[in-house]
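What follows is the content of input03.cif (mmCIF, C-alpha atoms and all ligand atoms).
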```
data_coords
#
loop_
_atom_site.label_atom_id
_atom_site.label_comp_id
_atom_site.auth_asym_id
_atom_site.auth_seq_id
_atom_site.Cartn_x
_atom_site.Cartn_y
_atom_site.Cartn_z
CA MET A 1 67.91 -20.36 47.91
CA THR A 2 67.55 -21.46 44.34
CA ARG A 3 69.99 -19.93 41.92
CA THR A 4 68.79 -19.01 38.49
CA LYS A 5 70.92 -19.45 35.39
CA MET A 6 71.18 -15.66 35.14
CA GLU A 7 72.49 -15.39 38.69
CA ALA A 8 75.03 -18.12 38.13
CA SER A 9 76.25 -16.47 34.93
CA SER A 10 76.52 -13.11 36.61
CA ALA A 11 78.36 -14.56 39.61
CA GLY A 12 80.81 -16.27 37.31
CA LYS A 13 81.58 -13.15 35.33
CA GLN A 14 82.12 -11.09 38.48
CA SER A 15 84.49 -13.77 39.75
CA VAL A 16 86.48 -13.56 36.56
CA ALA A 17 86.81 -9.83 36.83
CA ARG A 18 87.87 -10.01 40.47
CA ASP A 19 90.00 -13.13 40.57
CA PHE A 20 91.66 -13.37 37.19
CA GLY A 21 94.99 -14.59 38.49
CA PHE A 22 98.29 -15.28 36.79
CA HIS A 23 97.63 -18.95 36.27
CA ILE A 24 94.39 -18.31 34.46
CA VAL A 25 95.96 -15.61 32.33
CA TYR A 26 98.75 -18.01 31.44
CA ILE A 27 96.36 -20.74 30.39
CA GLN A 28 94.24 -18.30 28.45
CA LYS A 29 97.32 -16.99 26.66
CA CYS A 30 98.30 -20.53 25.85
CA LEU A 31 94.96 -21.50 24.40
CA ASN A 32 93.75 -18.19 23.01
CA SER A 33 90.43 -18.72 24.74
CA LYS A 34 87.72 -16.13 24.34
CA PHE A 35 86.01 -17.11 27.56
CA LEU A 36 87.51 -18.60 30.63
CA ILE A 37 85.88 -18.79 34.01
CA PRO A 38 87.93 -20.23 36.87
CA LYS A 39 85.34 -22.80 37.79
CA ASN A 40 86.66 -23.52 41.23
CA ILE A 41 85.83 -19.93 42.10
CA LEU A 42 82.47 -20.06 40.39
CA HIS A 43 81.79 -23.29 42.16
CA SER A 44 82.50 -21.97 45.63
CA LYS A 45 79.44 -19.80 45.23
CA LYS A 46 77.15 -22.78 44.91
CA GLU A 47 74.20 -22.76 47.27
CA GLY A 48 71.80 -25.56 48.06
CA LYS A 49 71.90 -29.05 46.69
CA SER A 50 71.20 -30.00 43.12
CA ILE A 51 68.99 -32.93 42.29
CA GLY A 52 70.04 -33.72 38.75
CA PHE A 53 69.64 -37.06 37.08
CA LEU A 54 73.01 -38.26 38.22
CA GLN A 55 72.30 -37.67 41.86
CA ARG A 56 69.16 -39.71 41.52
CA LEU A 57 71.33 -42.60 40.42
CA ASN A 58 73.14 -44.27 43.26
CA TYR A 59 75.64 -45.88 40.99
CA ILE A 60 76.65 -46.34 37.41
CA SER A 61 75.39 -49.75 36.48
CA PRO A 62 78.29 -52.07 35.86
CA ILE A 63 78.50 -52.65 32.17
CA ILE A 64 79.30 -54.73 30.44
CA ALA A 65 82.45 -56.35 29.35
CA PRO A 66 83.99 -59.16 31.34
CA SER A 67 87.45 -57.69 30.89
CA MET A 68 89.29 -54.70 29.57
CA THR A 69 92.66 -53.97 28.12
CA ILE A 70 94.81 -50.89 28.67
CA LEU A 71 97.54 -49.96 26.21
CA PHE A 72 100.42 -47.95 27.66
CA HIS A 73 104.15 -47.39 27.35
CA PRO A 74 106.42 -45.85 30.01
CA ASP A 75 108.03 -43.68 27.35
CA TYR A 76 104.82 -41.66 27.14
CA LEU A 77 106.09 -40.00 30.32
CA LEU A 78 109.14 -38.69 28.46
CA HIS A 79 107.15 -36.25 26.33
CA LYS A 80 107.59 -32.79 27.83
CA GLN A 81 106.56 -29.28 26.86
CA TRP A 82 107.97 -26.63 29.20
CA ALA A 83 107.74 -26.18 32.97
CA GLY A 84 104.20 -25.25 33.99
CA HIS A 85 102.66 -26.45 30.73
CA PRO A 86 99.30 -28.15 31.37
CA GLU A 87 100.01 -31.09 29.04
CA CYS A 88 102.60 -32.59 31.36
CA PRO A 89 103.88 -36.10 32.18
CA GLU A 90 102.24 -35.89 35.60
CA ARG A 91 98.89 -36.39 33.86
CA LEU A 92 99.77 -39.97 33.05
CA GLU A 93 101.62 -40.49 36.34
CA TYR A 94 98.46 -39.59 38.26
CA ILE A 95 96.37 -41.85 36.05
CA MET A 96 98.69 -44.83 36.43
CA ASN A 97 98.96 -44.31 40.20
CA LYS A 98 95.19 -44.16 40.50
CA LEU A 99 94.77 -47.28 38.39
CA GLU A 100 97.32 -49.10 40.53
CA LYS A 101 95.60 -47.99 43.73
CA GLU A 102 92.29 -49.32 42.41
CA GLY A 103 93.76 -52.61 41.22
CA LEU A 104 93.24 -51.74 37.56
CA SER A 105 96.81 -51.28 36.48
CA ASP A 106 97.37 -54.30 34.27
CA PHE A 107 98.31 -53.03 30.87
CA LEU A 108 99.73 -54.17 27.59
CA GLU A 109 102.91 -52.37 26.65
CA VAL A 110 102.89 -50.85 23.19
CA GLN A 111 105.61 -52.61 21.22
CA ASP A 112 106.40 -50.65 18.09
CA PRO A 113 105.83 -47.07 16.98
CA SER A 114 103.62 -46.37 13.99
CA THR A 115 105.43 -46.12 10.66
CA ILE A 116 105.29 -43.42 8.02
CA GLU A 117 103.36 -45.88 5.86
CA GLU A 118 100.70 -46.18 8.58
CA LEU A 119 100.44 -42.41 8.92
CA ILE A 120 100.31 -41.61 5.24
CA SER A 121 96.57 -42.25 4.91
CA THR A 122 95.92 -39.74 7.68
CA HIS A 123 98.61 -37.08 7.19
CA THR A 124 100.39 -35.80 4.12
CA GLN A 125 103.90 -37.07 3.58
CA ALA A 126 105.18 -33.49 3.56
CA TYR A 127 103.67 -32.86 7.01
CA ILE A 128 105.05 -36.10 8.46
CA GLU A 129 108.50 -35.19 7.15
CA THR A 130 108.15 -31.68 8.56
CA ILE A 131 107.62 -33.09 12.06
CA ARG A 132 110.44 -35.61 11.54
CA ASP A 133 112.94 -33.03 10.31
CA PHE A 134 111.80 -30.05 12.38
CA GLY A 135 114.69 -30.03 14.83
CA GLU A 136 113.94 -27.94 17.88
CA GLY A 137 111.42 -25.13 18.23
CA TYR A 138 107.73 -24.44 18.39
CA LEU A 139 105.09 -25.99 16.13
CA ASP A 140 102.73 -23.33 17.48
CA ALA A 141 102.63 -21.12 20.56
CA ASN A 142 101.44 -24.07 22.68
CA SER A 143 103.44 -26.98 21.28
CA ILE A 144 107.16 -27.51 21.46
CA ILE A 145 109.16 -29.84 19.22
CA ASN A 146 112.42 -31.46 20.23
CA SER A 147 114.29 -34.66 19.41
CA ASN A 148 111.76 -36.76 21.36
CA THR A 149 108.68 -35.39 19.68
CA TYR A 150 108.67 -37.39 16.45
CA PRO A 151 109.39 -40.87 17.91
CA LEU A 152 107.05 -40.34 20.86
CA SER A 153 104.27 -39.08 18.59
CA LEU A 154 104.67 -42.23 16.48
CA LEU A 155 104.53 -44.31 19.67
CA SER A 156 101.38 -42.48 20.78
CA ALA A 157 99.67 -43.11 17.43
CA SER A 158 100.70 -46.74 17.68
CA GLY A 159 99.21 -47.06 21.17
CA VAL A 160 95.75 -45.98 20.01
CA THR A 161 96.05 -48.04 16.83
CA LYS A 162 96.97 -51.19 18.74
CA ALA A 163 94.18 -50.59 21.23
CA ALA A 164 91.66 -50.26 18.38
CA GLU A 165 93.06 -53.36 16.70
CA PHE A 166 92.81 -55.29 19.95
CA ALA A 167 89.19 -54.19 20.44
CA ALA A 168 88.35 -55.26 16.89
CA HIS A 169 90.04 -58.64 17.31
CA GLN A 170 88.65 -59.42 20.74
CA ASN A 171 85.28 -57.65 20.59
CA LYS A 172 86.13 -56.01 23.89
CA PRO A 173 86.55 -52.37 24.93
CA THR A 174 90.08 -51.02 25.20
CA LEU A 175 91.67 -47.96 26.74
CA ALA A 176 94.72 -46.24 25.21
CA LEU A 177 96.67 -44.11 27.69
CA THR A 178 99.06 -42.27 25.43
CA ARG A 179 100.80 -38.93 25.06
CA PRO A 180 101.06 -36.66 23.16
CA PRO A 181 97.35 -36.27 22.37
CA GLY A 182 96.18 -36.03 18.77
CA HIS A 183 92.79 -34.56 17.92
CA HIS A 184 94.08 -31.10 16.93
CA ALA A 185 96.42 -32.58 14.29
CA GLY A 186 94.94 -32.43 10.79
CA LYS A 187 96.09 -33.73 7.43
CA ASP A 188 98.86 -31.17 7.13
CA PHE A 189 98.92 -29.28 10.40
CA GLY A 190 99.45 -29.81 14.10
CA GLY A 191 99.31 -27.68 17.21
CA GLY A 192 97.29 -27.45 20.42
CA PHE A 193 99.70 -29.99 22.02
CA CYS A 194 99.11 -32.42 19.11
CA TYR A 195 101.43 -33.69 16.35
CA PHE A 196 99.85 -36.78 14.77
CA ASN A 197 96.17 -37.65 14.97
CA ASN A 198 96.21 -40.85 17.02
CA VAL A 199 92.52 -41.62 16.61
CA GLY A 200 92.65 -40.77 12.90
CA VAL A 201 95.54 -43.14 12.32
CA ALA A 202 93.68 -45.85 14.24
CA ALA A 203 90.49 -45.31 12.21
CA ARG A 204 92.36 -45.70 8.92
CA HIS A 205 94.14 -48.78 10.27
CA LEU A 206 90.81 -50.42 11.15
CA GLN A 207 89.58 -49.74 7.62
CA LYS A 208 92.69 -50.66 5.66
CA LYS A 209 94.16 -53.49 7.72
CA MET A 210 91.18 -54.87 9.63
CA GLY A 211 88.59 -54.64 6.86
CA LEU A 212 86.11 -52.56 8.86
CA LYS A 213 84.10 -50.19 6.71
CA LYS A 214 82.45 -47.60 8.92
CA ILE A 215 84.08 -45.97 11.93
CA ALA A 216 82.46 -43.53 14.35
CA ILE A 217 84.64 -41.11 16.30
CA VAL A 218 83.08 -39.56 19.41
CA ASP A 219 85.11 -36.63 20.71
CA LEU A 220 84.39 -35.75 24.35
CA ASP A 221 87.33 -33.38 24.77
CA VAL A 222 86.16 -29.86 25.65
CA HIS A 223 88.03 -28.46 22.64
CA HIS A 224 86.73 -29.13 19.16
CA GLY A 225 88.84 -31.76 17.37
CA ASN A 226 89.62 -29.58 14.39
CA GLY A 227 92.29 -32.02 13.22
CA THR A 228 90.02 -35.05 13.25
CA GLU A 229 87.27 -33.11 11.52
CA ASP A 230 89.74 -31.92 8.86
CA ILE A 231 90.87 -35.47 8.09
CA PHE A 232 87.38 -36.93 7.70
CA LEU A 233 85.28 -33.94 6.62
CA ALA A 234 84.65 -35.30 3.10
CA ASP A 235 84.60 -38.97 4.09
CA PRO A 236 81.19 -40.66 4.54
CA SER A 237 82.83 -43.79 5.97
CA VAL A 238 83.93 -42.00 9.15
CA LEU A 239 81.33 -40.23 11.28
CA TYR A 240 82.89 -37.50 13.42
CA CYS A 241 80.88 -36.38 16.47
CA SER A 242 82.14 -33.70 18.85
CA ILE A 243 80.68 -32.11 21.97
CA HIS A 244 82.77 -29.06 22.78
CA GLU A 245 82.76 -25.60 24.31
CA TRP A 246 82.05 -22.89 21.79
CA GLY A 247 84.32 -19.84 21.68
CA ILE A 248 87.58 -21.32 22.95
CA PHE A 249 90.57 -22.86 21.16
CA PRO A 250 90.69 -23.78 18.32
CA GLY A 251 87.63 -21.72 17.37
CA THR A 252 86.20 -24.32 14.99
CA GLY A 253 83.21 -26.66 15.20
CA PRO A 254 80.04 -24.66 14.51
CA LEU A 255 76.86 -26.73 14.46
CA THR A 256 76.38 -25.79 10.81
CA GLN A 257 79.53 -27.64 9.77
CA THR A 258 78.12 -31.02 8.85
CA GLY A 259 80.69 -32.22 6.32
CA VAL A 260 81.52 -31.50 2.69
CA ASP A 261 81.07 -33.27 -0.63
CA GLU A 262 80.44 -36.99 -0.09
CA GLY A 263 80.99 -36.44 3.62
CA GLU A 264 78.02 -34.08 3.90
CA GLY A 265 75.98 -35.21 6.90
CA PHE A 266 78.77 -37.21 8.51
CA THR A 267 80.06 -34.51 10.84
CA LEU A 268 78.10 -33.82 14.02
CA ASN A 269 79.20 -30.73 15.91
CA ILE A 270 77.53 -29.95 19.23
CA PRO A 271 79.01 -26.64 20.43
CA LEU A 272 77.97 -25.64 23.94
CA SER A 273 78.15 -22.36 25.81
CA GLN A 274 80.01 -21.97 29.07
CA ARG A 275 78.46 -23.52 32.19
CA CYS A 276 76.89 -26.45 30.33
CA GLY A 277 77.57 -29.79 31.96
CA ASP A 278 76.01 -33.06 33.03
CA GLU A 279 72.38 -32.67 31.98
CA THR A 280 73.23 -30.98 28.68
CA TYR A 281 75.64 -33.81 27.83
CA HIS A 282 72.90 -36.28 28.72
CA LEU A 283 70.52 -34.46 26.38
CA ALA A 284 73.17 -34.43 23.65
CA TYR A 285 73.60 -38.16 24.03
CA ARG A 286 69.91 -39.00 24.15
CA GLU A 287 68.72 -36.66 21.38
CA LEU A 288 71.68 -36.66 18.98
CA LEU A 289 74.58 -39.02 19.62
CA MET A 290 72.66 -42.19 20.35
CA PRO A 291 70.12 -42.03 17.51
CA ILE A 292 72.71 -40.92 14.96
CA LEU A 293 75.19 -43.62 15.99
CA ARG A 294 72.43 -46.23 15.79
CA GLN A 295 71.48 -45.10 12.30
CA PHE A 296 75.11 -44.88 11.13
CA GLU A 297 75.74 -48.47 12.31
CA PRO A 298 79.51 -48.22 12.75
CA ASP A 299 81.74 -51.28 12.71
CA ALA A 300 83.81 -49.72 15.52
CA ILE A 301 83.77 -46.65 17.75
CA LEU A 302 86.77 -44.57 18.79
CA VAL A 303 86.31 -42.14 21.66
CA SER A 304 88.60 -39.13 21.96
CA LEU A 305 88.40 -38.99 25.74
CA GLY A 306 89.37 -35.56 26.99
CA VAL A 307 88.45 -34.80 30.59
CA ASP A 308 88.91 -31.04 30.28
CA ALA A 309 85.15 -30.29 30.31
CA HIS A 310 85.29 -31.19 34.01
CA TYR A 311 84.26 -28.44 36.43
CA LYS A 312 87.61 -28.77 38.18
CA ASP A 313 89.55 -28.18 34.96
CA GLU A 314 90.50 -24.53 34.63
CA ILE A 315 91.20 -24.73 30.94
CA SER A 316 87.51 -24.54 30.06
CA SER A 317 84.22 -23.23 31.38
CA LEU A 318 82.03 -26.31 31.08
CA THR A 319 80.95 -28.05 34.27
CA MET A 320 80.93 -31.81 33.78
CA SER A 321 81.23 -33.85 36.97
CA SER A 322 83.15 -37.09 37.29
CA LEU A 323 79.92 -39.06 37.43
CA GLY A 324 78.69 -37.13 34.41
CA TYR A 325 81.71 -38.33 32.44
CA LEU A 326 81.18 -41.87 33.63
CA LYS A 327 77.53 -41.79 32.69
CA MET A 328 78.43 -40.63 29.16
CA CYS A 329 81.08 -43.32 28.81
CA ALA A 330 78.77 -45.99 30.24
CA ASN A 331 76.09 -45.02 27.72
CA ILE A 332 78.55 -45.16 24.84
CA LEU A 333 79.93 -48.50 26.05
CA GLU A 334 76.45 -49.93 26.25
CA LEU A 335 75.62 -48.61 22.80
CA ALA A 336 78.85 -50.09 21.41
CA ARG A 337 77.84 -53.47 22.79
CA ASP A 338 74.55 -53.19 20.90
CA ILE A 339 75.71 -51.80 17.57
CA CYS A 340 79.32 -52.89 17.03
CA ASN A 341 79.89 -55.85 19.30
CA SER A 342 81.93 -53.83 21.84
CA ARG A 343 84.57 -52.85 19.29
CA ILE A 344 85.29 -49.59 21.09
CA THR A 345 88.46 -47.82 22.15
CA PHE A 346 88.79 -44.88 24.52
CA ALA A 347 91.87 -42.79 23.72
CA LEU A 348 93.22 -40.16 26.09
CA GLU A 349 93.19 -36.60 24.76
CA GLY A 350 93.13 -33.60 27.15
CA GLY A 351 92.32 -33.17 30.84
CA TYR A 352 94.51 -31.06 33.10
CA HIS A 353 93.18 -31.25 36.65
CA LEU A 354 95.28 -34.18 37.75
CA ASN A 355 92.94 -35.64 40.37
CA ALA A 356 89.78 -35.19 38.32
CA LEU A 357 91.49 -36.59 35.24
CA SER A 358 92.82 -39.64 37.04
CA GLU A 359 89.55 -40.49 38.79
CA VAL A 360 87.55 -40.23 35.57
CA ILE A 361 90.00 -42.39 33.62
CA ALA A 362 90.11 -44.96 36.43
CA GLY A 363 86.33 -44.79 36.54
CA VAL A 364 86.11 -45.58 32.83
CA ALA A 365 88.51 -48.50 33.30
CA SER A 366 86.36 -49.72 36.18
CA LEU A 367 83.20 -49.53 34.05
CA MET A 368 84.74 -52.02 31.69
CA VAL A 369 85.15 -54.62 34.40
CA GLY A 370 81.95 -53.87 36.26
CA LYS A 371 83.73 -52.45 39.27
CA LYS A 372 82.31 -49.48 41.16
CA LEU A 373 84.72 -46.70 42.07
CA HIS A 374 84.06 -43.84 44.44
CA MET A 375 84.18 -40.52 42.62
CA GLN A 376 85.28 -37.46 44.56
CA TYR A 377 84.23 -34.65 42.22
CA ASN A 378 80.49 -35.01 41.84
CA ASP A 379 79.10 -31.49 42.23
CA ILE A 380 76.48 -31.07 39.56
CA TRP A 381 75.88 -27.60 38.20
CA ASP A 382 73.85 -28.35 35.14
CA ASN A 383 70.81 -30.37 36.09
CA ASP A 384 67.11 -30.76 35.49
CA GLU A 385 66.31 -29.27 32.09
CA GLY A 386 69.91 -28.71 31.01
CA TRP A 387 71.46 -25.29 30.52
CA GLY A 388 72.23 -26.07 26.91
CA TYR A 389 68.81 -27.39 25.94
CA SER A 390 68.30 -24.65 23.35
CA GLU A 391 71.68 -25.44 21.82
CA ILE A 392 70.72 -29.10 21.56
CA ASP A 393 67.49 -28.00 19.90
CA ASN A 394 69.46 -25.96 17.37
CA CYS A 395 71.65 -28.97 16.58
CA LEU A 396 68.54 -31.10 16.11
CA VAL A 397 67.21 -28.67 13.52
CA VAL A 398 70.47 -28.88 11.55
CA GLN A 399 70.96 -32.62 11.88
CA ARG A 400 67.37 -33.51 10.93
CA LYS A 401 68.42 -32.79 7.34
CA HIS A 402 70.61 -35.87 7.55
CA TRP A 403 69.18 -38.18 10.21
CA ASP A 404 65.82 -39.35 11.52
CA LEU A 405 65.69 -37.48 14.83
ZN ZN A 501 91.10 -30.33 25.15
#
```
If you convert what's in this file into structure tokens, what do you get?
Ligand SMILES: [Zn+2]
Amino acid sequence: MTRTKMEASSAGKQSVARDFGFHIVYIQKCLNSKFLIPKNILHSKKEGKSIGFLQRLNYISPIIAPSMTILFHPDYLLHKQWAGHPECPERLEYIMNKLEKEGLSDFLEVQDPSTIEELISTHTQAYIETIRDFGEGYLDANSIINSNTYPLSLLSASGVTKAAEFAAHQNKPTLALTRPPGHHAGKDFGGGFCYFNNVGVAARHLQKKMGLKKIAIVDLDVHHGNGTEDIFLADPSVLYCSIHEWGIFPGTGPLTQTGVDEGEGFTLNIPLSQRCGDETYHLAYRELLMPILRQFEPDAILVSLGVDAHYKDEISSLTMSSLGYLKMCANILELARDICNSRITFALEGGYHLNALSEVIAGVASLMVGKKLHMQYNDIWDNDEGWGYSEIDNCLVVQRKHWDL
């Protein structure tokens, strides 16, 4: 039996009404989501086999770079929210265990934390000092601060910065496995598990210390990177691109927000409705991301790699598969080779299903060395024409004012 989009939507909503358990309520309370479908439940209703573009591919073609570098520090495991919080140390433990199991665990240890001077071009001094002097408490309802928060946030920013610097020096892709994440931290605000904007600090470092002029940030986390957008909204030298679920935390990122002042045209928001997944992301890449990145001609690319759009991740209602993530990352890696000599860094943001998160991150690491990993979570919900095709069309209409699409 072939399911229609309408049937799938209806099935999902009925599941929510019937099975809205404590865990889901907790997560929703944490993230103030407007919509949240427990996708494992929705998924159990799947009938028949899908034949999307990813299933027609037997493998992700090995890219690309002869080697890859991972930046990590064991202290990233010391950052803790509260018991049961989704942004937990186990996220990195699972990733590192998976990398070790796959023989991909060689990493460079981050040496020094970022300094206030390095952060000052990304955050206001007053905000940096607020985090430093906060003491103990809550930055927002989802983000605790204690004595570890400030030094570990500086170490996290440093990890992404060093990874970006390494990529720029070596012309090779790098992977920064850091905590806490950063893309919800703006010039003078934090929250959503984020304190300092790791990718933002790295972008400014590449410009100020490495002499690179144009940086592209591609945000694949399911939540809109309101902090990153805030930092670069008026800046034409940094192109911010985000694919995110519309209607959930933090509630920002409409397709009509394309930048302000001199930065007009240098923000690309691709908000998607629930259920969108592999094929819609493929459309977004082919129709928007790829041509815009080619025309922008960045000197380096930073990827905010959140894995929380995965169908196994209960924090969102998008349905990306593991292979879907790998296909996106492979495309971006290949593009980076063409347009910026492989100066590209993938920086960990969200992703809360531990097994899905760890297999996608290990898969990305394996792409960089041309190794093929088996992916466990490959159910494809969004195939053929793409459930979000009309949303991609709407973005095209908006972005054609700024780019040749
Ligand atoms: Zn997220």
Please identify the residues whose atoms come within 7 Å of ligand ZN 501 (chain A), using all atoms listed in the file, and report them as JSON, numbers by chain. {"A": [221, 222, 223, 306, 308, 349, 350, 351]}
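Ranking A:Glu87, A:Asp140, A:Glu102, A:Glu245 by their shortest atom-to-atom distance to Glu359 in chain A, with all atoms listed in the file included, puts A:Glu102 first.
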Skip Ala126 in chain A itself and residues of its chain fewer than 5 positions away, then list as a PyMOL selection string all residues within 12 Å of it, counting all atoms listed in the file. chain A and resi 116+119-120+131-134+187-189
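Look at Tyr240 in chain A: the protein and nucleic acid residues within 7 Å of it, using only C-alpha atoms and passing over chain neighbours fewer than 3 places away, are Ala216, Ile217, Val218, Glu229, Phe266, Thr267 and Leu268 of chain A.
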Closest to Gln376 in chain A among A:Asp393, A:Val110, A:Ile145, A:Lys312, using only C-alpha atoms? A:Lys312
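Counting all atoms listed in the file and comparing A:Gly265, A:Gly103, A:Gly211, A:Gly225, the residue that lies closest to Gly182 in chain A is A:Gly225.
Going from CA of Ala167 in chain A over to CA of Lys327 in chain A, you cover 21.0 Å.
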Please build the interface table for range 183-204 of chain A against range 281-302 of chain A with a cut-off of 9 Å, listing for each qualifying residue the nearest atom pair and the distance in Å to one decimal; count only C-alpha atoms, order rows by chain and increasing number, and write it as CSV.
```
residue,atom,partner,partner_atom,distance
A:Val199,CA,A:Leu302,CA,6.8
A:Ala202,CA,A:Leu302,CA,8.4
A:Ala203,CA,A:Leu302,CA,7.6
```
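When all atoms listed in the file are used to measure the gap to Tyr195 in chain A, the shortest distance among A:Ser156, A:Thr161, A:Ser366, A:Asn355 belongs to A:Ser156.
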Skip Gly324 in chain A itself and residues of its chain fewer than 6 positions away, then list as a PyMOL selection string all residues within 9 Å of it, counting all atoms listed in the file. chain A and resi 54+277-279+281-282+310+378+380
Put a box with edges along x, y and z around all the listed atoms of range 327-344 of chain A, pad it by 3 Å on each side, then give me its centre and sizes in Å, one decimal, as JSON.
```
{"center_x": 79.9, "center_y": -48.2, "center_z": 24.9, "size_x": 16.7, "size_y": 21.2, "size_z": 21.7}
```
Of the candidates A:Asn341, A:Ser158, A:Ser322, A:Gln207, which shows the shortest atom-to-atom distance to Leu357 in chain A, using all atoms listed in the file? A:Ser322
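Between Asn171 in chain A and the candidates A:Leu405, A:Asp338, A:Ile361, A:Asp382, the tightest atom-to-atom separation, counting only C-alpha atoms, involves A:Asp338.
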Counting all atoms listed in the file, I want the residues whose atoms come within 10 Å of (81.2, -26.9, 9.8) in the file frame, returned as number ranges by chain. A: 226, 229-230, 233, 252-260, 264, 267-269
For the residues selected in the previous step, produce a file with C-alpha atoms as a PDB file, in the coordinates of the input.
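Everything below was put into result.pdb:
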```
ATOM      1  CA  ASN A 226      89.620 -29.580  14.390  1.00  0.00           C
ATOM      2  CA  GLU A 229      87.270 -33.110  11.520  1.00  0.00           C
ATOM      3  CA  ASP A 230      89.740 -31.920   8.860  1.00  0.00           C
ATOM      4  CA  LEU A 233      85.280 -33.940   6.620  1.00  0.00           C
ATOM      5  CA  THR A 252      86.200 -24.320  14.990  1.00  0.00           C
ATOM      6  CA  GLY A 253      83.210 -26.660  15.200  1.00  0.00           C
ATOM      7  CA  PRO A 254      80.040 -24.660  14.510  1.00  0.00           C
ATOM      8  CA  LEU A 255      76.860 -26.730  14.460  1.00  0.00           C
ATOM      9  CA  THR A 256      76.380 -25.790  10.810  1.00  0.00           C
ATOM     10  CA  GLN A 257      79.530 -27.640   9.770  1.00  0.00           C
ATOM     11  CA  THR A 258      78.120 -31.020   8.850  1.00  0.00           C
ATOM     12  CA  GLY A 259      80.690 -32.220   6.320  1.00  0.00           C
ATOM     13  CA  VAL A 260      81.520 -31.500   2.690  1.00  0.00           C
ATOM     14  CA  GLU A 264      78.020 -34.080   3.900  1.00  0.00           C
ATOM     15  CA  THR A 267      80.060 -34.510  10.840  1.00  0.00           C
ATOM     16  CA  LEU A 268      78.100 -33.820  14.020  1.00  0.00           C
ATOM     17  CA  ASN A 269      79.200 -30.730  15.910  1.00  0.00           C
TER      18      ASN A 269
END
```
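Picture a line from CA of Leu212 in chain A to CA of Pro271 in chain A; it runs 29.3 Å.
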What residues have an atom no more than 7 Å from (96.7, -44.8, 24.1) in the file's own frame, counting all atoms listed in the file, and can you write them as a VMD selection string? chain A and resid 71 to 72 156 159 to 160 163 175 to 178 347 to 348
Need to verify the contact set: Gly192 in chain A, 9 Å, all atoms listed in the file, exclusion of same-chain residues closer than 5 positions in sequence. Can you return it as a PDB file with C-alpha atoms, in the coordinates of the input?
```
ATOM      1  CA  CYS A  30      98.300 -20.530  25.850  1.00  0.00           C
ATOM      2  CA  LEU A  31      94.960 -21.500  24.400  1.00  0.00           C
ATOM      3  CA  ASP A 140     102.730 -23.330  17.480  1.00  0.00           C
ATOM      4  CA  ALA A 141     102.630 -21.120  20.560  1.00  0.00           C
ATOM      5  CA  ASN A 142     101.440 -24.070  22.680  1.00  0.00           C
ATOM      6  CA  SER A 143     103.440 -26.980  21.280  1.00  0.00           C
ATOM      7  CA  GLY A 182      96.180 -36.030  18.770  1.00  0.00           C
ATOM      8  CA  HIS A 183      92.790 -34.560  17.920  1.00  0.00           C
ATOM      9  CA  HIS A 184      94.080 -31.100  16.930  1.00  0.00           C
ATOM     10  CA  ALA A 185      96.420 -32.580  14.290  1.00  0.00           C
ATOM     11  CA  PHE A 249      90.570 -22.860  21.160  1.00  0.00           C
ATOM     12  CA  PRO A 250      90.690 -23.780  18.320  1.00  0.00           C
TER      13      PRO A 250
END
```
So that I can check the surroundings of Leu139 in chain A, please list as a ChimeraX atom specification every protein, DNA and RNA residue that reaches within 8 Å of it, counting all atoms listed in the file and ignoring chain neighbours fewer than 5 positions away. /A:144-145,190-191
Provide range 148-173 of chain A of the preceding structure as a file containing C-alpha atoms, as a PDB file, in the first residue's frame.
```pdb
ATOM      1  CA  ASN A 148      32.938  24.781  34.619  1.00  0.00           C
ATOM      2  CA  THR A 149      30.828  26.582  32.062  1.00  0.00           C
ATOM      3  CA  TYR A 150      33.071  29.527  31.237  1.00  0.00           C
ATOM      4  CA  PRO A 151      36.399  27.650  30.859  1.00  0.00           C
ATOM      5  CA  LEU A 152      34.791  24.757  28.978  1.00  0.00           C
ATOM      6  CA  SER A 153      32.954  27.135  26.638  1.00  0.00           C
ATOM      7  CA  LEU A 154      36.275  28.833  25.881  1.00  0.00           C
ATOM      8  CA  LEU A 155      37.812  25.407  25.236  1.00  0.00           C
ATOM      9  CA  SER A 156      34.930  24.500  22.926  1.00  0.00           C
ATOM     10  CA  ALA A 157      35.341  27.722  20.929  1.00  0.00           C
ATOM     11  CA  SER A 158      39.053  27.022  20.727  1.00  0.00           C
ATOM     12  CA  GLY A 159      38.451  23.504  19.399  1.00  0.00           C
ATOM     13  CA  VAL A 160      36.431  24.750  16.431  1.00  0.00           C
ATOM     14  CA  THR A 161      38.831  27.641  15.864  1.00  0.00           C
ATOM     15  CA  LYS A 162      41.861  25.358  15.812  1.00  0.00           C
ATOM     16  CA  ALA A 163      40.095  22.939  13.499  1.00  0.00           C
ATOM     17  CA  ALA A 164      39.283  25.775  11.084  1.00  0.00           C
ATOM     18  CA  GLU A 165      42.843  27.066  11.301  1.00  0.00           C
ATOM     19  CA  PHE A 166      44.189  23.587  10.605  1.00  0.00           C
ATOM     20  CA  ALA A 167      41.905  23.199   7.578  1.00  0.00           C
ATOM     21  CA  ALA A 168      43.040  26.573   6.252  1.00  0.00           C
ATOM     22  CA  HIS A 169      46.716  25.749   6.765  1.00  0.00           C
ATOM     23  CA  GLN A 170      46.596  22.230   5.380  1.00  0.00           C
ATOM     24  CA  ASN A 171      43.842  22.568   2.768  1.00  0.00           C
ATOM     25  CA  LYS A 172      42.200  19.510   4.284  1.00  0.00           C
ATOM     26  CA  PRO A 173      38.812  18.947   5.919  1.00  0.00           C
TER      27      PRO A 173
END
```
